[in-house]
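Engineer: What follows is the file entry21.csv, containing CSV, C-alpha atoms (C1' of nucleotides):
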```csv
chain,number,residue,atom,x,y,z
A,1,MET,CA,-7.3,19.5,-10.3
A,2,LYS,CA,-7.0,18.1,-6.8
A,3,GLU,CA,-10.7,18.6,-6.1
A,4,SER,CA,-11.8,17.0,-9.3
A,5,SER,CA,-9.7,14.0,-8.4
A,6,ILE,CA,-11.3,13.8,-5.0
A,7,ASN,CA,-14.7,14.1,-6.4
A,8,HIS,CA,-13.9,11.3,-8.9
A,9,GLU,CA,-12.8,9.0,-6.2
A,10,ASN,CA,-15.8,9.8,-4.2
A,11,THR,CA,-18.1,9.1,-7.1
A,12,ASP,CA,-16.3,5.8,-7.7
A,13,PHE,CA,-17.0,4.8,-4.1
A,14,GLN,CA,-20.6,6.0,-4.2
A,15,SER,CA,-21.4,3.9,-7.3
A,16,ALA,CA,-19.4,0.9,-5.9
A,17,LYS,CA,-21.5,1.2,-2.7
A,18,LYS,CA,-24.6,1.0,-4.8
A,19,VAL,CA,-23.4,-2.0,-6.7
A,20,LEU,CA,-22.5,-3.8,-3.5
A,21,SER,CA,-25.8,-2.9,-1.9
A,22,ASP,CA,-27.8,-4.1,-4.9
A,23,PHE,CA,-25.8,-7.3,-5.1
A,24,LEU,CA,-26.4,-8.1,-1.4
A,25,LEU,CA,-30.1,-7.5,-1.7
A,26,MET,CA,-30.6,-9.4,-4.9
A,27,ASN,CA,-28.8,-12.4,-3.5
A,28,GLY,CA,-30.2,-12.4,0.0
A,29,PHE,CA,-27.0,-11.5,1.7
A,30,ARG,CA,-26.8,-9.1,4.6
A,31,LYS,CA,-25.8,-5.5,4.4
A,32,THR,CA,-23.3,-5.5,7.3
A,33,ILE,CA,-21.3,-2.5,8.2
A,34,GLU,CA,-18.0,-4.5,7.9
A,35,ARG,CA,-18.6,-5.1,4.2
A,36,PHE,CA,-19.0,-1.3,3.6
A,37,ILE,CA,-16.1,-0.3,5.7
A,38,ILE,CA,-13.8,-2.7,3.8
A,39,LEU,CA,-15.2,-1.4,0.5
A,40,GLU,CA,-14.5,2.2,1.5
A,41,GLU,CA,-11.0,1.3,2.6
A,42,ILE,CA,-10.3,-0.3,-0.7
A,43,TYR,CA,-11.7,2.6,-2.7
A,44,SER,CA,-9.8,5.1,-0.8
A,45,THR,CA,-6.6,4.2,-2.5
A,46,ASP,CA,-5.4,3.3,-6.0
A,47,GLU,CA,-2.7,0.9,-5.0
A,48,HIS,CA,-2.7,-2.9,-5.4
A,49,PHE,CA,-3.2,-4.4,-2.0
A,50,ASN,CA,-3.1,-7.8,-0.3
A,51,VAL,CA,-5.2,-9.1,2.6
A,52,GLU,CA,-2.6,-8.4,5.2
A,53,THR,CA,-2.0,-4.7,4.4
A,54,LEU,CA,-5.8,-4.2,4.2
A,55,TYR,CA,-6.3,-5.9,7.5
A,56,SER,CA,-3.6,-3.9,9.3
A,57,LEU,CA,-4.9,-0.7,7.8
A,58,LEU,CA,-8.3,-1.4,9.4
A,59,LYS,CA,-6.5,-2.3,12.7
A,60,LYS,CA,-4.7,1.0,12.6
A,61,LYS,CA,-8.0,2.8,12.1
A,62,LYS,CA,-9.3,1.0,15.2
A,63,TYR,CA,-11.9,-1.0,13.4
A,64,ARG,CA,-12.6,-4.3,15.1
A,65,ILE,CA,-12.7,-6.5,12.0
A,66,SER,CA,-11.1,-9.9,11.8
A,67,ARG,CA,-9.0,-11.4,9.0
A,68,ALA,CA,-11.7,-13.9,8.4
A,69,THR,CA,-14.2,-11.2,7.6
A,70,VAL,CA,-11.7,-9.5,5.3
A,71,TYR,CA,-11.2,-12.7,3.4
A,72,ASN,CA,-15.0,-13.3,3.3
A,73,THR,CA,-15.7,-9.8,2.1
A,74,ILE,CA,-13.1,-10.0,-0.6
A,75,GLN,CA,-14.8,-13.0,-2.0
A,76,VAL,CA,-18.1,-11.1,-2.0
A,77,LEU,CA,-16.5,-8.1,-3.7
A,78,MET,CA,-15.0,-10.3,-6.4
A,79,LYS,CA,-18.3,-12.0,-7.0
A,80,CYS,CA,-20.0,-8.6,-7.7
A,81,GLY,CA,-17.1,-7.5,-9.8
A,82,LEU,CA,-15.9,-4.6,-7.6
A,83,ILE,CA,-12.4,-6.0,-7.2
A,84,ILE,CA,-10.1,-8.2,-9.2
A,85,LYS,CA,-7.6,-10.8,-8.0
A,86,GLN,CA,-4.1,-10.7,-9.4
A,87,GLN,CA,-1.6,-13.5,-9.0
A,88,PHE,CA,1.8,-12.0,-9.9
A,89,GLY,CA,3.7,-15.2,-9.4
A,90,LYS,CA,4.1,-14.7,-5.7
A,91,THR,CA,2.2,-16.8,-3.2
A,92,THR,CA,0.5,-13.8,-1.8
A,93,ALA,CA,-2.5,-12.7,-3.9
A,94,LEU,CA,-2.9,-9.0,-4.8
A,95,PHE,CA,-6.2,-7.3,-5.4
A,96,GLU,CA,-7.2,-4.1,-7.2
A,97,LYS,CA,-10.5,-2.2,-7.4
A,98,LYS,CA,-12.3,-2.5,-10.7
A,99,LEU,CA,-13.7,0.7,-12.0
A,100,ASN,CA,-15.7,1.0,-15.2
A,101,THR,CA,-12.4,1.0,-17.1
A,102,LEU,CA,-11.1,-1.1,-19.9
A,103,HIS,CA,-9.2,-4.3,-19.3
A,104,HIS,CA,-5.6,-3.5,-18.5
A,105,ASP,CA,-2.5,-5.6,-18.0
A,106,HIS,CA,0.6,-5.3,-15.8
A,107,LEU,CA,4.3,-4.7,-16.0
A,108,ILE,CA,6.0,-6.0,-12.9
A,109,CYS,CA,9.5,-5.0,-11.9
A,110,THR,CA,11.1,-8.2,-10.5
A,111,GLU,CA,13.8,-6.0,-8.8
A,112,CYS,CA,11.8,-3.4,-6.9
A,113,GLY,CA,8.3,-4.7,-7.1
A,114,LEU,CA,6.9,-1.7,-9.0
A,115,ILE,CA,3.7,-2.4,-10.8
A,116,LEU,CA,2.6,-0.4,-13.9
A,117,GLU,CA,-0.6,-0.8,-15.9
A,118,PHE,CA,-1.1,-0.6,-19.6
A,119,SER,CA,-3.7,-1.6,-22.1
A,120,ASP,CA,-3.4,-2.5,-25.8
A,121,GLN,CA,-6.3,-2.7,-28.2
A,122,HIS,CA,-4.6,-5.3,-30.3
A,123,LEU,CA,-4.7,-7.8,-27.5
A,124,GLU,CA,-8.4,-8.0,-27.2
A,125,GLN,CA,-8.6,-9.0,-30.9
A,126,ILE,CA,-5.9,-11.7,-30.5
A,127,MET,CA,-7.7,-13.2,-27.5
A,128,ARG,CA,-10.9,-13.5,-29.5
A,129,LYS,CA,-9.1,-15.1,-32.4
A,130,VAL,CA,-7.3,-17.6,-30.2
A,131,GLY,CA,-10.6,-18.5,-28.5
A,132,GLU,CA,-12.1,-19.3,-31.9
A,133,LEU,CA,-9.2,-21.3,-33.1
A,134,MET,CA,-8.8,-23.4,-30.0
A,135,ASP,CA,-12.5,-24.0,-29.4
A,136,PHE,CA,-12.6,-22.2,-26.1
A,137,GLU,CA,-15.2,-19.9,-24.6
A,138,ILE,CA,-12.9,-17.2,-23.1
A,139,HIS,CA,-14.2,-15.3,-20.1
A,140,LYS,CA,-11.1,-13.5,-19.0
A,141,TYR,CA,-7.4,-13.3,-19.5
A,142,SER,CA,-4.4,-12.1,-17.6
A,143,LEU,CA,-1.2,-10.9,-19.1
A,144,ASN,CA,1.8,-10.0,-17.0
A,145,LEU,CA,5.2,-8.8,-18.3
A,146,PHE,CA,8.2,-9.2,-16.0
A,147,GLY,CA,11.4,-7.3,-16.2
A,148,TYR,CA,13.3,-4.3,-14.9
A,149,CYS,CA,11.7,-0.8,-14.7
A,150,LYS,CA,13.5,2.3,-15.8
A,151,ASN,CA,15.3,2.8,-12.5
A,152,CYS,CA,16.3,-0.8,-11.9
A,153,SER,CA,17.7,-1.4,-15.4
A,154,SER,CA,20.0,1.6,-15.2
A,155,ASN,CA,21.7,0.3,-12.0
B,1,MET,CA,5.6,-43.2,-35.0
B,2,LYS,CA,5.6,-44.5,-31.5
B,3,GLU,CA,9.3,-45.3,-31.6
B,4,SER,CA,10.2,-41.8,-33.0
B,5,SER,CA,8.3,-40.2,-30.2
B,6,ILE,CA,10.1,-42.3,-27.6
B,7,ASN,CA,13.4,-41.5,-29.1
B,8,HIS,CA,12.5,-37.8,-29.1
B,9,GLU,CA,11.7,-37.9,-25.4
B,10,ASN,CA,14.9,-39.7,-24.7
B,11,THR,CA,16.9,-37.2,-26.6
B,12,ASP,CA,15.2,-34.4,-24.7
B,13,PHE,CA,16.2,-36.0,-21.5
B,14,GLN,CA,19.7,-36.7,-22.6
B,15,SER,CA,20.3,-33.1,-23.6
B,16,ALA,CA,18.6,-31.8,-20.4
B,17,LYS,CA,20.9,-34.0,-18.4
B,18,LYS,CA,23.8,-32.4,-20.1
B,19,VAL,CA,22.5,-28.9,-19.4
B,20,LEU,CA,22.0,-29.7,-15.8
B,21,SER,CA,25.4,-31.4,-15.5
B,22,ASP,CA,27.2,-28.5,-17.0
B,23,PHE,CA,25.2,-26.0,-14.9
B,24,LEU,CA,26.2,-27.7,-11.7
B,25,LEU,CA,29.8,-28.0,-12.7
B,26,MET,CA,30.1,-24.4,-13.8
B,27,ASN,CA,28.5,-23.1,-10.6
B,28,GLY,CA,30.3,-25.4,-8.2
B,29,PHE,CA,27.2,-27.3,-7.2
B,30,ARG,CA,27.2,-31.0,-6.6
B,31,LYS,CA,26.0,-33.6,-9.0
B,32,THR,CA,23.8,-35.6,-6.7
B,33,ILE,CA,21.8,-38.6,-7.8
B,34,GLU,CA,18.6,-37.0,-6.5
B,35,ARG,CA,18.8,-34.1,-8.9
B,36,PHE,CA,19.1,-36.4,-11.8
B,37,ILE,CA,16.3,-38.7,-10.6
B,38,ILE,CA,14.0,-35.8,-10.3
B,39,LEU,CA,15.0,-34.4,-13.7
B,40,GLU,CA,14.3,-37.8,-15.3
B,41,GLU,CA,11.0,-38.0,-13.6
B,42,ILE,CA,10.0,-34.6,-14.9
B,43,TYR,CA,11.2,-35.4,-18.4
B,44,SER,CA,9.3,-38.7,-18.6
B,45,THR,CA,6.0,-37.0,-18.9
B,46,ASP,CA,4.6,-34.0,-20.9
B,47,GLU,CA,2.1,-33.0,-18.3
B,48,HIS,CA,2.1,-29.9,-16.1
B,49,PHE,CA,3.0,-31.0,-12.6
B,50,ASN,CA,3.1,-29.6,-9.1
B,51,VAL,CA,5.5,-30.4,-6.2
B,52,GLU,CA,3.1,-32.8,-4.5
B,53,THR,CA,2.4,-35.0,-7.5
B,54,LEU,CA,6.0,-35.2,-8.4
B,55,TYR,CA,6.9,-36.1,-4.8
B,56,SER,CA,4.3,-38.9,-4.6
B,57,LEU,CA,5.4,-40.2,-8.0
B,58,LEU,CA,8.9,-40.5,-6.5
B,59,LYS,CA,7.5,-42.2,-3.4
B,60,LYS,CA,5.6,-44.7,-5.5
B,61,LYS,CA,8.8,-45.6,-7.3
B,62,LYS,CA,10.4,-46.2,-3.9
B,63,TYR,CA,12.9,-43.4,-4.1
B,64,ARG,CA,13.8,-42.0,-0.7
B,65,ILE,CA,13.7,-38.3,-1.6
B,66,SER,CA,12.2,-35.7,0.6
B,67,ARG,CA,9.9,-32.9,-0.3
B,68,ALA,CA,12.6,-30.4,0.7
B,69,THR,CA,14.9,-31.9,-1.9
B,70,VAL,CA,12.2,-31.7,-4.5
B,71,TYR,CA,11.7,-28.0,-3.8
B,72,ASN,CA,15.4,-27.4,-3.8
B,73,THR,CA,15.9,-29.3,-7.1
B,74,ILE,CA,13.1,-27.4,-8.7
B,75,GLN,CA,14.8,-24.1,-7.9
B,76,VAL,CA,18.0,-25.4,-9.5
B,77,LEU,CA,16.1,-26.6,-12.6
B,78,MET,CA,14.5,-23.3,-12.9
B,79,LYS,CA,17.8,-21.5,-12.6
B,80,CYS,CA,19.3,-23.5,-15.5
B,81,GLY,CA,16.2,-23.0,-17.6
B,82,LEU,CA,15.1,-26.7,-17.7
B,83,ILE,CA,11.7,-26.0,-16.2
B,84,ILE,CA,9.3,-23.1,-16.0
B,85,LYS,CA,7.0,-22.1,-13.2
B,86,GLN,CA,3.4,-21.4,-14.0
B,87,GLN,CA,1.0,-19.6,-11.6
B,88,PHE,CA,-2.5,-20.2,-12.9
B,89,GLY,CA,-4.2,-18.2,-10.2
B,90,LYS,CA,-4.3,-21.1,-7.8
B,91,THR,CA,-2.1,-21.1,-4.7
B,92,THR,CA,-0.4,-24.2,-5.9
B,93,ALA,CA,2.3,-23.5,-8.4
B,94,LEU,CA,2.5,-25.7,-11.5
B,95,PHE,CA,5.7,-26.5,-13.5
B,96,GLU,CA,6.4,-27.7,-17.0
B,97,LYS,CA,9.6,-28.8,-18.7
B,98,LYS,CA,11.1,-26.3,-21.1
B,99,LEU,CA,12.3,-27.7,-24.3
B,100,ASN,CA,14.0,-25.7,-27.1
B,101,THR,CA,10.6,-24.6,-28.2
B,102,LEU,CA,9.1,-21.2,-28.8
B,103,HIS,CA,7.4,-19.4,-26.0
B,104,HIS,CA,3.8,-20.6,-25.6
B,105,ASP,CA,0.9,-19.5,-23.5
B,106,HIS,CA,-2.0,-21.2,-21.9
B,107,LEU,CA,-5.8,-21.7,-22.1
B,108,ILE,CA,-7.2,-22.9,-18.8
B,109,CYS,CA,-10.6,-24.4,-18.4
B,110,THR,CA,-12.0,-23.1,-15.1
B,111,GLU,CA,-14.6,-25.9,-15.1
B,112,CYS,CA,-12.5,-29.1,-15.6
B,113,GLY,CA,-9.0,-27.8,-15.2
B,114,LEU,CA,-7.9,-28.7,-18.7
B,115,ILE,CA,-4.8,-26.8,-19.9
B,116,LEU,CA,-4.1,-26.2,-23.5
B,117,GLU,CA,-1.1,-24.5,-25.0
B,118,PHE,CA,-0.8,-22.1,-27.9
B,119,SER,CA,1.5,-19.6,-29.4
B,120,ASP,CA,0.9,-16.5,-31.5
B,121,GLN,CA,3.6,-14.7,-33.4
B,122,HIS,CA,1.9,-11.3,-33.0
B,123,LEU,CA,2.2,-11.4,-29.2
B,124,GLU,CA,6.0,-11.2,-29.2
B,125,GLN,CA,5.8,-8.0,-31.2
B,126,ILE,CA,3.3,-6.5,-28.9
B,127,MET,CA,5.4,-7.3,-25.8
B,128,ARG,CA,8.4,-5.6,-27.4
B,129,LYS,CA,6.4,-2.5,-28.3
B,130,VAL,CA,4.9,-2.3,-24.8
B,131,GLY,CA,8.4,-2.6,-23.3
B,132,GLU,CA,9.7,0.3,-25.3
B,133,LEU,CA,6.7,2.5,-24.6
B,134,MET,CA,6.7,1.9,-20.9
B,135,ASP,CA,10.5,2.1,-20.4
B,136,PHE,CA,10.7,-1.5,-19.2
B,137,GLU,CA,13.4,-4.0,-19.9
B,138,ILE,CA,11.2,-7.1,-20.4
B,139,HIS,CA,12.6,-10.5,-19.5
B,140,LYS,CA,9.5,-12.7,-19.7
B,141,TYR,CA,5.8,-12.6,-19.9
B,142,SER,CA,2.9,-14.9,-19.0
B,143,LEU,CA,-0.4,-14.9,-20.7
B,144,ASN,CA,-3.2,-17.0,-19.5
B,145,LEU,CA,-6.7,-17.2,-21.0
B,146,PHE,CA,-9.5,-18.6,-18.7
B,147,GLY,CA,-12.8,-19.9,-19.8
B,148,TYR,CA,-14.7,-23.1,-20.8
B,149,CYS,CA,-13.2,-25.7,-23.1
B,150,LYS,CA,-15.2,-27.4,-25.9
B,151,ASN,CA,-16.6,-30.0,-23.6
B,152,CYS,CA,-17.5,-27.8,-20.7
B,153,SER,CA,-19.1,-25.0,-22.7
B,154,SER,CA,-21.6,-27.4,-24.4
B,155,ASN,CA,-22.9,-28.7,-21.1
C,1,DC,C1',38.6,-34.4,4.9
C,2,DT,C1',34.8,-30.9,4.6
C,3,DA,C1',31.5,-27.9,2.8
C,4,DG,C1',27.3,-28.4,0.4
C,5,DG,C1',23.2,-31.5,-0.1
C,6,DT,C1',19.9,-34.4,2.0
C,7,DG,C1',16.0,-36.3,5.0
C,8,DC,C1',13.2,-35.3,8.6
C,9,DA,C1',10.4,-32.5,11.3
C,10,DA,C1',9.2,-28.2,12.9
C,11,DA,C1',8.2,-23.6,11.5
C,12,DT,C1',6.3,-20.1,8.6
C,13,DG,C1',3.0,-17.6,5.8
C,14,DC,C1',-1.3,-17.3,3.6
C,15,DT,C1',-5.9,-18.8,3.7
C,16,DT,C1',-9.9,-21.5,5.4
C,17,DT,C1',-12.9,-23.5,8.9
C,18,DG,C1',-15.5,-24.4,13.3
C,19,DC,C1',-17.9,-22.6,16.8
C,20,DA,C1',-20.1,-19.4,20.0
C,21,DT,C1',-21.8,-14.7,19.9
C,22,DG,C1',-24.0,-10.8,17.7
C,23,DC,C1',-26.9,-8.3,14.7
C,24,DC,C1',-29.5,-7.7,10.0
C,25,DC,C1',-33.9,-8.7,8.0
D,1,DG,C1',-36.8,-14.2,16.7
D,2,DG,C1',-34.2,-17.0,13.4
D,3,DG,C1',-30.4,-17.5,10.9
D,4,DC,C1',-26.6,-15.5,8.4
D,5,DA,C1',-22.3,-12.9,9.4
D,6,DT,C1',-18.8,-12.0,12.5
D,7,DG,C1',-14.6,-12.5,15.7
D,8,DC,C1',-11.5,-15.5,17.4
D,9,DA,C1',-8.6,-19.3,17.5
D,10,DA,C1',-7.4,-23.4,15.5
D,11,DA,C1',-6.7,-26.1,11.5
D,12,DG,C1',-5.1,-26.6,6.6
D,13,DC,C1',-2.0,-26.4,2.8
D,14,DA,C1',2.1,-25.1,0.3
D,15,DT,C1',6.5,-23.9,1.0
D,16,DT,C1',10.7,-22.8,3.8
D,17,DT,C1',14.0,-23.5,7.4
D,18,DG,C1',17.0,-25.7,11.1
D,19,DC,C1',19.7,-29.4,12.3
D,20,DA,C1',22.2,-33.7,12.3
D,21,DC,C1',23.9,-36.9,9.1
D,22,DC,C1',25.8,-38.1,4.7
D,23,DT,C1',28.5,-37.8,0.4
D,24,DA,C1',30.6,-35.7,-3.8
D,25,DG,C1',34.7,-33.5,-5.0
```
Starting from the file, give its structure as structure tokens.
Structural biologist:
Amino acid sequence: MKESSINHENTDFQSAKKVLSDFLLMNGFRKTIERFIILEEIYSTDEHFNVETLYSLLKKKKYRISRATVYNTIQVLMKCGLIIKQQFGKTTALFEKKLNTLHHDHLICTECGLILEFSDQHLEQIMRKVGELMDFEIHKYSLNLFGYCKNCSSN
Amino acid sequence: MKESSINHENTDFQSAKKVLSDFLLMNGFRKTIERFIILEEIYSTDEHFNVETLYSLLKKKKYRISRATVYNTIQVLMKCGLIIKQQFGKTTALFEKKLNTLHHDHLICTECGLILEFSDQHLEQIMRKVGELMDFEIHKYSLNLFGYCKNCSSN
DNA sequence: CTAGGTGCAAATGCTTTGCATGCCC
DNA sequence: GGGCATGCAAAGCATTTGCACCTAG
């Protein structure tokens, strides 16, 4: 079990690396080490992260990469669809890696900050219908549910 | 038609004023003029607004109210349910007045910034179901659809 | 009177920008 | 080698905080 999970993460990173590499080439951007270090760091965890935690993680690993580069690289990774920005109502933006998975939404515990993910097939349909009715060409949607998680509601 | 719309807005403001007044009394907060001036300003329009536009509107009307007070008052108005905060992915938060209407969601045009509102009865059901399945006590949710509006998609 | 509210300005936190240096193509 | 990307520091915004003064209760 453990090994297969490791392999899976590794495969995810390998394919992400290819996506980034191709994207940079096709758009005439440079393949700098920094961009790949940051990508690897992001793909080595499943958590939602923000710029600051990512930056200090890199610091801790003795990489000499500036905040500006982290921000820059995050823009690039968003453009090639490898990560997604999530604005959960806080001022600080959170990001998550985007695998070849279905669209999913979030449950956020306003008490302890826990973030769970879920997906519901009915939602896609509803979005499409709303788009037609309102004359909108919908490209993406974000749905966040706020409340108390199991632990926090029992207290 | 025009008169009835004016009356309606006025009624909304009158009842909002009462809600605020009661809320302040019940919680031992002071009924300062600033709080009511800001409430009136908010209720005199139907648009989504941010702190800066609200502040400069007050400036233009020669009120001597500071940004700090606007921020403070907005917190109060949120606590008593008279306005709702909307985070549409930008860093700047937008707010809207909350009437006794049903929950509604937003369509945001990423091209021109247009914001439309809609509501769908099916969504409420889905939210409830998800809450049960995931063991979450849901208090609110926000659903935003992003894309191009009629005008922008035709260009 | 007196605590909470206000105005003002300074501080904070997150993000972007300007500029000199470095390194990919 | 030429120019884009980087590191660093400074600037930019939105929001919060500290403090002296003011005012509602």
Engineer: Between B:Leu77, B:Val51, B:Ile42, B:Ile65, which one has atoms that come closest to Leu24 of chain B, using only C-alpha atoms?
Structural biologist: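 Once distances to Leu24 of chain B are computed over only C-alpha atoms, the minimum belongs to B:Leu77.
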Engineer: Superimpose chain A on chain B so that the squared distances between all in-order C-alpha pairs are minimised, and send the result as a compact mmCIF listing (two decimals) with C-alpha atoms, in the frame of the given file.
Structural biologist:
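As written to disk, selection22.txt reads:
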```txt
# COMPACT_ATOMS: atom_id res chain seq x y z
CA MET A 1 5.54 -43.10 -35.01
CA LYS A 2 5.59 -44.40 -31.46
CA GLU A 3 9.32 -45.11 -31.60
CA SER A 4 10.18 -41.74 -32.99
CA SER A 5 8.27 -40.19 -30.14
CA ILE A 6 10.17 -42.25 -27.63
CA ASN A 7 13.42 -41.42 -29.16
CA HIS A 8 12.49 -37.69 -29.08
CA GLU A 9 11.70 -37.82 -25.45
CA ASN A 10 14.84 -39.64 -24.76
CA THR A 11 16.90 -37.11 -26.64
CA ASP A 12 15.15 -34.31 -24.73
CA PHE A 13 16.20 -35.95 -21.46
CA GLN A 14 19.74 -36.64 -22.64
CA SER A 15 20.32 -32.98 -23.60
CA ALA A 16 18.55 -31.76 -20.39
CA LYS A 17 20.92 -34.04 -18.41
CA LYS A 18 23.82 -32.38 -20.10
CA VAL A 19 22.55 -28.92 -19.40
CA LEU A 20 22.00 -29.75 -15.75
CA SER A 21 25.40 -31.37 -15.45
CA ASP A 22 27.16 -28.40 -17.04
CA PHE A 23 25.25 -25.96 -14.88
CA LEU A 24 26.20 -27.81 -11.66
CA LEU A 25 29.84 -27.92 -12.61
CA MET A 26 30.11 -24.36 -13.75
CA ASN A 27 28.54 -23.12 -10.56
CA GLY A 28 30.24 -25.41 -8.09
CA PHE A 29 27.18 -27.33 -7.15
CA ARG A 30 27.16 -31.05 -6.59
CA LYS A 31 26.03 -33.64 -9.06
CA THR A 32 23.80 -35.66 -6.70
CA ILE A 33 21.80 -38.56 -7.86
CA GLU A 34 18.55 -37.00 -6.46
CA ARG A 35 18.84 -34.06 -8.85
CA PHE A 36 19.06 -36.47 -11.86
CA ILE A 37 16.33 -38.72 -10.73
CA ILE A 38 13.95 -35.75 -10.33
CA LEU A 39 15.01 -34.47 -13.76
CA GLU A 40 14.29 -37.84 -15.36
CA GLU A 41 10.93 -38.03 -13.64
CA ILE A 42 9.99 -34.66 -14.96
CA TYR A 43 11.12 -35.44 -18.49
CA SER A 44 9.31 -38.63 -18.59
CA THR A 45 6.01 -36.94 -18.97
CA ASP A 46 4.53 -33.98 -20.86
CA GLU A 47 2.00 -32.96 -18.28
CA HIS A 48 2.09 -29.87 -16.04
CA PHE A 49 2.93 -31.00 -12.57
CA ASN A 50 3.09 -29.61 -9.03
CA VAL A 51 5.48 -30.50 -6.20
CA GLU A 52 3.10 -32.85 -4.52
CA THR A 53 2.31 -35.09 -7.53
CA LEU A 54 6.06 -35.19 -8.34
CA TYR A 55 6.91 -36.11 -4.81
CA SER A 56 4.32 -38.90 -4.58
CA LEU A 57 5.38 -40.23 -7.93
CA LEU A 58 8.93 -40.65 -6.58
CA LYS A 59 7.46 -42.25 -3.38
CA LYS A 60 5.55 -44.70 -5.50
CA LYS A 61 8.74 -45.59 -7.36
CA LYS A 62 10.36 -46.27 -3.98
CA TYR A 63 12.85 -43.49 -4.20
CA ARG A 64 13.80 -42.14 -0.80
CA ILE A 65 13.70 -38.43 -1.63
CA SER A 66 12.19 -35.83 0.63
CA ARG A 67 9.90 -32.92 -0.26
CA ALA A 68 12.61 -30.56 0.73
CA THR A 69 14.95 -31.95 -1.88
CA VAL A 70 12.20 -31.77 -4.50
CA TYR A 71 11.63 -28.14 -3.73
CA ASN A 72 15.43 -27.49 -3.73
CA THR A 73 15.91 -29.27 -7.01
CA ILE A 74 13.09 -27.41 -8.65
CA GLN A 75 14.75 -24.18 -7.83
CA VAL A 76 17.98 -25.48 -9.39
CA LEU A 77 16.14 -26.63 -12.51
CA MET A 78 14.47 -23.25 -12.91
CA LYS A 79 17.76 -21.46 -12.50
CA CYS A 80 19.28 -23.47 -15.44
CA GLY A 81 16.18 -22.99 -17.47
CA LEU A 82 15.09 -26.66 -17.68
CA ILE A 83 11.68 -26.01 -16.14
CA ILE A 84 9.28 -23.12 -15.95
CA LYS A 85 6.98 -22.08 -13.12
CA GLN A 86 3.37 -21.34 -13.91
CA GLN A 87 1.00 -19.62 -11.53
CA PHE A 88 -2.51 -20.26 -12.91
CA GLY A 89 -4.26 -18.28 -10.24
CA LYS A 90 -4.34 -21.13 -7.80
CA THR A 91 -2.16 -21.17 -4.71
CA THR A 92 -0.44 -24.27 -5.83
CA ALA A 93 2.33 -23.58 -8.37
CA LEU A 94 2.53 -25.72 -11.54
CA PHE A 95 5.71 -26.47 -13.41
CA GLU A 96 6.45 -27.61 -16.96
CA LYS A 97 9.65 -28.77 -18.66
CA LYS A 98 11.16 -26.28 -21.06
CA LEU A 99 12.34 -27.75 -24.28
CA ASN A 100 14.04 -25.76 -27.02
CA THR A 101 10.59 -24.61 -28.14
CA LEU A 102 9.11 -21.23 -28.69
CA HIS A 103 7.37 -19.32 -25.95
CA HIS A 104 3.83 -20.58 -25.58
CA ASP A 105 0.86 -19.46 -23.54
CA HIS A 106 -2.05 -21.26 -21.84
CA LEU A 107 -5.77 -21.71 -22.07
CA ILE A 108 -7.14 -22.87 -18.76
CA CYS A 109 -10.57 -24.41 -18.39
CA THR A 110 -11.94 -23.02 -15.08
CA GLU A 111 -14.54 -25.89 -15.06
CA CYS A 112 -12.47 -29.02 -15.56
CA GLY A 113 -8.96 -27.79 -15.14
CA LEU A 114 -7.83 -28.71 -18.67
CA ILE A 115 -4.78 -26.87 -19.81
CA LEU A 116 -4.02 -26.25 -23.54
CA GLU A 117 -1.00 -24.50 -25.03
CA PHE A 118 -0.84 -22.16 -27.94
CA SER A 119 1.56 -19.66 -29.35
CA ASP A 120 0.96 -16.53 -31.46
CA GLN A 121 3.64 -14.68 -33.35
CA HIS A 122 1.85 -11.40 -33.02
CA LEU A 123 2.27 -11.41 -29.29
CA GLU A 124 5.99 -11.32 -29.25
CA GLN A 125 5.89 -8.10 -31.34
CA ILE A 126 3.32 -6.46 -29.01
CA MET A 127 5.43 -7.28 -25.95
CA ARG A 128 8.45 -5.61 -27.50
CA LYS A 129 6.45 -2.55 -28.42
CA VAL A 130 4.93 -2.22 -24.97
CA GLY A 131 8.39 -2.56 -23.40
CA GLU A 132 9.61 0.35 -25.51
CA LEU A 133 6.68 2.54 -24.81
CA MET A 134 6.62 2.02 -21.08
CA ASP A 135 10.37 2.20 -20.56
CA PHE A 136 10.71 -1.34 -19.33
CA GLU A 137 13.36 -3.96 -19.98
CA ILE A 138 11.12 -7.05 -20.47
CA HIS A 139 12.62 -10.42 -19.63
CA LYS A 140 9.57 -12.60 -19.75
CA TYR A 141 5.84 -12.55 -19.94
CA SER A 142 2.98 -14.82 -19.07
CA LEU A 143 -0.37 -14.83 -20.70
CA ASN A 144 -3.20 -17.01 -19.49
CA LEU A 145 -6.74 -17.16 -20.96
CA PHE A 146 -9.51 -18.50 -18.73
CA GLY A 147 -12.77 -19.90 -19.87
CA TYR A 148 -14.64 -23.07 -20.75
CA CYS A 149 -13.14 -25.75 -23.07
CA LYS A 150 -15.12 -27.38 -25.80
CA ASN A 151 -16.64 -30.02 -23.54
CA CYS A 152 -17.47 -27.78 -20.60
CA SER A 153 -19.16 -25.05 -22.67
CA SER A 154 -21.52 -27.50 -24.32
CA ASN A 155 -22.89 -28.73 -20.94
```
Engineer: At what distance in Å, to one decimal, does atom CA of His122 of chain A lie from atom CA of Glu96 of chain B?
Structural biologist: 28.3 Å
Engineer: Could you write out as a VMD selection string the residues of chain B within 10 Å of chain C, counting all atoms listed in the file?
Structural biologist: chain B and resid 28 to 32 34 64 to 69 72 91
Engineer: For DA5 of chain D, which residue among A:Leu58, A:Ile108, A:Leu20, A:Val70 is the nearest when counting all atoms listed in the file?
Structural biologist: A:Val70
Engineer: Could you check how far atom CA of Phe95 of chain B sits from atom CA of Ile83 of chain B, in Å to one decimal?
Structural biologist: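 Atom-to-atom, atom CA of Phe95 of chain B to atom CA of Ile83 of chain B, that is 6.6 Å.
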